[in-house]
Every structure is written in structure tokens, then in C-alpha cells.
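J.: Take this structure, written in C-alpha cells, and hold onto it; I'll ask about it next.
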Amino acid sequence: MFLSPDDAAVFFKLMPALQTYANRKLDLVKNFVEPLDYRKVSMDDRLNLRDALYEKHRELIGEFVRENPFGFSVDELAIVAGWQNCIPGNFYFMDVTKKYNNIFIHDKNVYAVLALTDPLHYLINQPLPIYIKTVLLPFKGKIIYDGLLQSYSVTFGPGIRSSIQSQYKIAKSKGQIIESLDPDWEPAPPKNQKDWRPLLAELSEKSSKLRSGADEPPMNSPAFSLVKASLEFARTAVESPEDADLLSEALDKVLRAANKAGKQLDNLY
């Protein structure tokens, strides 16, 4: 999803003006004194100026709002003032969803970010997920980026990909995806999820009675063990969904039980 054309026009009116003001104060880019000059500024200079503003001299945003050097309206100045709550840094750009727009992950926080005018994955033209540097900005109750993206040539293995996907799924399930940087924003409460604990406890209690006798088929014993281990893994997943150590331990029991069942099955051939 993107900004509306009108909102995009507002952004591209405000951002060059703020960068112009910052450059007048910091004197980092030559021959850049008016907003229209921003079109001629090289990408390297834009990035250096951007980093200086948001990472080292964020106080210039407040000064810009107070001085209002370009005669912006109260509403326009309110948008720029909100940029003092920006989040600069490196992000995992992992997915594009219908509901949550572009998903960015930074310091274990998951953000839903609007594109400006073009889909972000078209601009980057790399398989997702990727590692990027940008600045997240509040804009009319939503989150956008500052229009500048730096991508890193990093290849992620299955472990990193799985971890990134897991962070997103956990945040989504708990209603913790951040959709606004406004100080008073609060996420909507998550939808009531089905409580599987009573059923799993009941099944575990019943499965504890599964015991194979000496005169029963030899496949029964490893099959019953697999059932018990699987139920234990399910209970761990429901009760401790973020405890990787407990989940790994429970899964190992499932795999060992499955391995024993497989060996017993081989004996039948």
C-alpha cells in the first residue's frame, strides 16, 4: 500500500524543505540552498545529509518547525514536528502483506510501513528478505520511510529466514505489529485466540494410559511413545511459544520417538 497522491505530494513538499534547512545549518552539500535544488543533490550527499539530521542533529527539526522558514501551514508543520519521533537504523525488510503493508523488523520490533508512490520491492529489486538502512517517519497516524533506502548485499540462510519469519508471526499473533509512531498510539487488542490447553491436557492424561503389553504388536510401543511425545510438543508450543530451548527439547523427543518407530517399521519388511 502507498500514500494517497495528495499525501505523497505533501511529503515531497515537506521533505526537501527540511533537508534544505538542515543543509543551511550544517553546510554539508554545496550549491544546495533551496528545496528545488534537492533534485540535483547526489544520492551520496542525500544519504550523508539524512544521516546527519536524524542521527546527530534531530534538534534541527524542532527549530525548523519554530522558524517555519518556508511558510507552511499548521497541519504541515505538525507532520514535520512528528518526525522528531523518527526511527533511523538498519531493518529487515521481510514481506509485503495486504493488511500490514511492508514489514520492517528492527531491534525485535515489527513495523508496518507504507510505501510512498512505488512498491518498495520494485525499487529494491532483490529477493526478500533483505537488510536495508532507512529512516521510519510518522505520517498522519501511519508509518512511512524517508524516501531513501540503502540495501546491503547479504545472503540469509534458512536459520535467519526462519527467525525473521518467526518474529513476524509472533508479533502478529500478539497484536504487536507497530502501525504508527505517534506517542499516544496503542495497538488494537488481538483477537481472542482459541485456548487449546484444556484439550491438550485431557489428551495427555488419556495418552498416559497407552501402554503396550508383551502380547501386543511390537509397533504399538513406539507408536504410543510418538503420540505422547507429540502431545508434549504441542503443549509446549501452546504454553511456551517463544521458549526456543523448551520447544527444541520437546521436538527432540518427537524425533527420537519417530526414529524408534521407523526402525520398528523396518523390521516388518
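Letters for chains follow the order of the C-alpha cells (A, B, ...), residue numbers begin at 1 for each chain, and ligand numbers begin at 1 in the order shown.
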Would you kindly return, as a count of residues only, each protein, DNA or RNA residue with an atom no farther than 12 Å from any atom of Phe93 in chain A, considering only C-alpha atoms and excluding same-chain residues fewer than 6 positions away?
T.: 31
J.: Going by DSSP on the backbone, which residues of range 22-268 of chain A come out as strand (DSSP E or B)? List them as a PyMOL selection string.
T.: chain A and resi 87-97+101-106+109-115+130-139+142-145+150-152+178
J.: Print the selection's residues with N, CA and C atoms to a file, as a short mmCIF file (atom, residue, chain, number, x, y, z; two decimals), in the first residue's frame.
T.:
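To be explicit, this is the file written out as out25.cif:
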data_model
loop_
_atom_site.label_atom_id
_atom_site.label_comp_id
_atom_site.auth_asym_id
_atom_site.auth_seq_id
_atom_site.Cartn_x
_atom_site.Cartn_y
_atom_site.Cartn_z
N ILE A 87 12.66 6.83 13.48
CA ILE A 87 13.48 5.67 13.87
C ILE A 87 14.48 5.41 12.74
N PRO A 88 15.70 5.91 12.86
CA PRO A 88 16.74 5.60 11.87
C PRO A 88 17.42 4.29 12.23
N GLY A 89 17.88 3.57 11.23
CA GLY A 89 18.62 2.35 11.53
C GLY A 89 18.58 1.33 10.42
N ASN A 90 19.03 0.13 10.76
CA ASN A 90 19.04 -0.99 9.83
C ASN A 90 17.83 -1.88 10.12
N PHE A 91 17.19 -2.35 9.06
CA PHE A 91 15.96 -3.12 9.19
C PHE A 91 16.01 -4.35 8.30
N TYR A 92 15.32 -5.38 8.74
CA TYR A 92 15.00 -6.48 7.84
C TYR A 92 13.69 -6.12 7.14
N PHE A 93 13.74 -6.03 5.83
CA PHE A 93 12.52 -5.85 5.04
C PHE A 93 12.12 -7.24 4.59
N MET A 94 11.06 -7.79 5.19
CA MET A 94 10.80 -9.21 5.04
C MET A 94 9.63 -9.58 4.16
N ASP A 95 8.64 -8.70 4.03
CA ASP A 95 7.46 -9.15 3.31
C ASP A 95 6.58 -7.97 2.96
N VAL A 96 5.65 -8.23 2.06
CA VAL A 96 4.62 -7.27 1.71
C VAL A 96 3.28 -7.96 1.91
N THR A 97 2.46 -7.45 2.82
CA THR A 97 1.18 -8.09 3.11
C THR A 97 0.04 -7.14 2.79
N ASN A 101 0.95 -3.98 4.98
CA ASN A 101 1.83 -3.26 4.08
C ASN A 101 3.22 -3.89 4.04
N ASN A 102 4.25 -3.07 4.13
CA ASN A 102 5.63 -3.57 4.11
C ASN A 102 6.09 -3.83 5.53
N ILE A 103 6.61 -5.02 5.78
CA ILE A 103 7.00 -5.39 7.12
C ILE A 103 8.49 -5.15 7.32
N PHE A 104 8.82 -4.27 8.27
CA PHE A 104 10.20 -3.98 8.64
C PHE A 104 10.42 -4.47 10.07
N ILE A 105 11.58 -5.08 10.32
CA ILE A 105 11.91 -5.55 11.66
C ILE A 105 13.21 -4.89 12.11
N HIS A 106 13.18 -4.33 13.32
CA HIS A 106 14.33 -3.59 13.86
C HIS A 106 14.33 -3.74 15.37
N ASN A 109 11.42 -5.26 17.09
CA ASN A 109 10.13 -4.61 16.84
C ASN A 109 9.73 -4.81 15.39
N VAL A 110 8.45 -5.02 15.16
CA VAL A 110 7.93 -5.27 13.82
C VAL A 110 7.05 -4.08 13.42
N TYR A 111 7.38 -3.45 12.29
CA TYR A 111 6.68 -2.25 11.85
C TYR A 111 5.96 -2.49 10.53
N ALA A 112 4.77 -1.91 10.41
CA ALA A 112 4.04 -1.91 9.15
C ALA A 112 4.25 -0.56 8.49
N VAL A 113 4.87 -0.56 7.32
CA VAL A 113 5.33 0.68 6.69
C VAL A 113 4.66 0.88 5.34
N LEU A 114 4.15 2.09 5.11
CA LEU A 114 3.58 2.44 3.82
C LEU A 114 4.68 2.84 2.84
N ALA A 115 4.54 2.42 1.60
CA ALA A 115 5.41 2.94 0.54
C ALA A 115 4.95 4.36 0.20
N ILE A 130 15.51 -8.80 2.86
CA ILE A 130 16.78 -8.12 2.64
C ILE A 130 17.08 -7.24 3.85
N TYR A 131 18.32 -6.81 3.94
CA TYR A 131 18.76 -5.95 5.03
C TYR A 131 18.98 -4.55 4.47
N ILE A 132 18.31 -3.56 5.05
CA ILE A 132 18.35 -2.21 4.50
C ILE A 132 18.59 -1.19 5.60
N LYS A 133 19.01 -0.01 5.16
CA LYS A 133 19.13 1.14 6.06
C LYS A 133 18.17 2.21 5.57
N THR A 134 17.38 2.74 6.49
CA THR A 134 16.45 3.81 6.14
C THR A 134 16.04 4.52 7.42
N VAL A 135 15.08 5.42 7.30
CA VAL A 135 14.52 6.13 8.46
C VAL A 135 13.01 6.01 8.40
N LEU A 136 12.42 5.51 9.47
CA LEU A 136 10.97 5.44 9.56
C LEU A 136 10.43 6.74 10.14
N LEU A 137 9.33 7.22 9.55
CA LEU A 137 8.77 8.51 9.95
C LEU A 137 7.27 8.36 10.21
N PRO A 138 6.74 9.07 11.20
CA PRO A 138 5.29 9.11 11.35
C PRO A 138 4.68 10.03 10.30
N PHE A 139 3.51 9.64 9.80
CA PHE A 139 2.83 10.48 8.81
C PHE A 139 1.33 10.22 8.92
N LYS A 142 0.20 6.98 10.38
CA LYS A 142 0.81 5.78 9.81
C LYS A 142 2.33 5.91 9.84
N ILE A 143 2.99 4.90 9.31
CA ILE A 143 4.46 4.92 9.24
C ILE A 143 4.88 4.89 7.78
N ILE A 144 5.77 5.79 7.42
CA ILE A 144 6.38 5.78 6.09
C ILE A 144 7.90 5.72 6.28
N TYR A 145 8.62 5.69 5.17
CA TYR A 145 10.08 5.82 5.26
C TYR A 145 10.46 7.14 4.60
N GLN A 150 18.93 2.15 1.51
CA GLN A 150 20.22 1.54 1.20
C GLN A 150 20.10 0.05 1.48
N SER A 151 20.37 -0.77 0.49
CA SER A 151 20.29 -2.22 0.71
C SER A 151 21.71 -2.79 0.81
N TYR A 152 21.85 -3.83 1.62
CA TYR A 152 23.13 -4.49 1.83
C TYR A 152 23.15 -5.81 1.07
N ILE A 178 3.62 -2.78 14.98
CA ILE A 178 3.54 -1.33 15.20
C ILE A 178 3.11 -0.65 13.90
#
J.: Excluding range 202-207 of chain A and residues on its chain fewer than 3 positions from it, collect all residues at most 12 Å away from it, counting only C-alpha atoms, and give them as a tab-separated table (two decimals) with N, CA and C atoms, in the first residue's frame.
T.:
chain	number	residue	atom	x	y	z
A	196	TRP	N	-6.17	-23.90	23.57
A	196	TRP	CA	-6.03	-25.34	23.34
A	196	TRP	C	-5.56	-26.09	24.58
A	197	ARG	N	-5.22	-25.39	25.64
A	197	ARG	CA	-4.63	-26.05	26.79
A	197	ARG	C	-5.52	-27.10	27.44
A	198	PRO	N	-6.81	-26.83	27.67
A	198	PRO	CA	-7.64	-27.87	28.30
A	198	PRO	C	-7.72	-29.16	27.48
A	199	LEU	N	-7.88	-29.02	26.16
A	199	LEU	CA	-7.98	-30.19	25.31
A	199	LEU	C	-6.67	-30.98	25.30
A	210	LEU	N	-1.71	-45.22	27.61
A	210	LEU	CA	-1.28	-46.05	26.49
A	210	LEU	C	-0.02	-46.82	26.88
A	211	ARG	N	-0.19	-48.08	27.09
A	211	ARG	CA	0.95	-48.94	27.44
A	211	ARG	C	0.83	-50.24	26.66
A	212	SER	N	1.88	-50.59	26.01
A	212	SER	CA	1.86	-51.80	25.18
A	212	SER	C	2.25	-53.02	26.01
A	223	ALA	N	4.71	-46.47	18.65
A	223	ALA	CA	3.62	-45.61	18.21
A	223	ALA	C	3.05	-44.84	19.39
A	224	PHE	N	2.86	-45.51	20.52
A	224	PHE	CA	2.34	-44.84	21.70
A	224	PHE	C	3.33	-43.78	22.20
A	225	SER	N	4.61	-44.11	22.16
A	225	SER	CA	5.63	-43.14	22.59
A	225	SER	C	5.61	-41.89	21.71
A	226	LEU	N	5.39	-42.11	20.42
A	226	LEU	CA	5.34	-40.98	19.48
A	226	LEU	C	4.13	-40.11	19.77
A	227	VAL	N	3.00	-40.72	20.09
A	227	VAL	CA	1.80	-39.96	20.44
A	227	VAL	C	2.06	-39.08	21.66
A	228	LYS	N	2.66	-39.67	22.71
A	228	LYS	CA	2.92	-38.93	23.95
A	228	LYS	C	3.90	-37.79	23.70
A	229	ALA	N	4.97	-38.07	22.94
A	229	ALA	CA	5.96	-37.02	22.66
A	229	ALA	C	5.35	-35.89	21.83
A	230	SER	N	4.48	-36.26	20.89
A	230	SER	CA	3.84	-35.25	20.04
A	230	SER	C	2.91	-34.37	20.87
A	231	LEU	N	2.18	-34.96	21.79
A	231	LEU	CA	1.29	-34.17	22.64
A	231	LEU	C	2.09	-33.25	23.57
A	232	GLU	N	3.22	-33.74	24.06
A	232	GLU	CA	4.07	-32.90	24.89
A	232	GLU	C	4.61	-31.71	24.09
A	233	PHE	N	5.00	-31.98	22.84
A	233	PHE	CA	5.47	-30.90	21.98
A	233	PHE	C	4.35	-29.88	21.72
A	234	ALA	N	3.14	-30.36	21.48
A	234	ALA	CA	2.00	-29.47	21.24
A	234	ALA	C	1.71	-28.61	22.47
A	235	ARG	N	1.78	-29.21	23.66
A	235	ARG	CA	1.52	-28.44	24.87
A	235	ARG	C	2.61	-27.37	25.07
A	236	THR	N	3.85	-27.72	24.77
A	236	THR	CA	4.93	-26.75	24.90
A	236	THR	C	4.74	-25.60	23.93
J.: If I take CA of Leu26 in chain A and CA of Gly147 in chain A, how far is one from the other in Å, to one decimal?
T.: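 Atom-to-atom, CA of Leu26 in chain A to CA of Gly147 in chain A, that is 20.6 Å.
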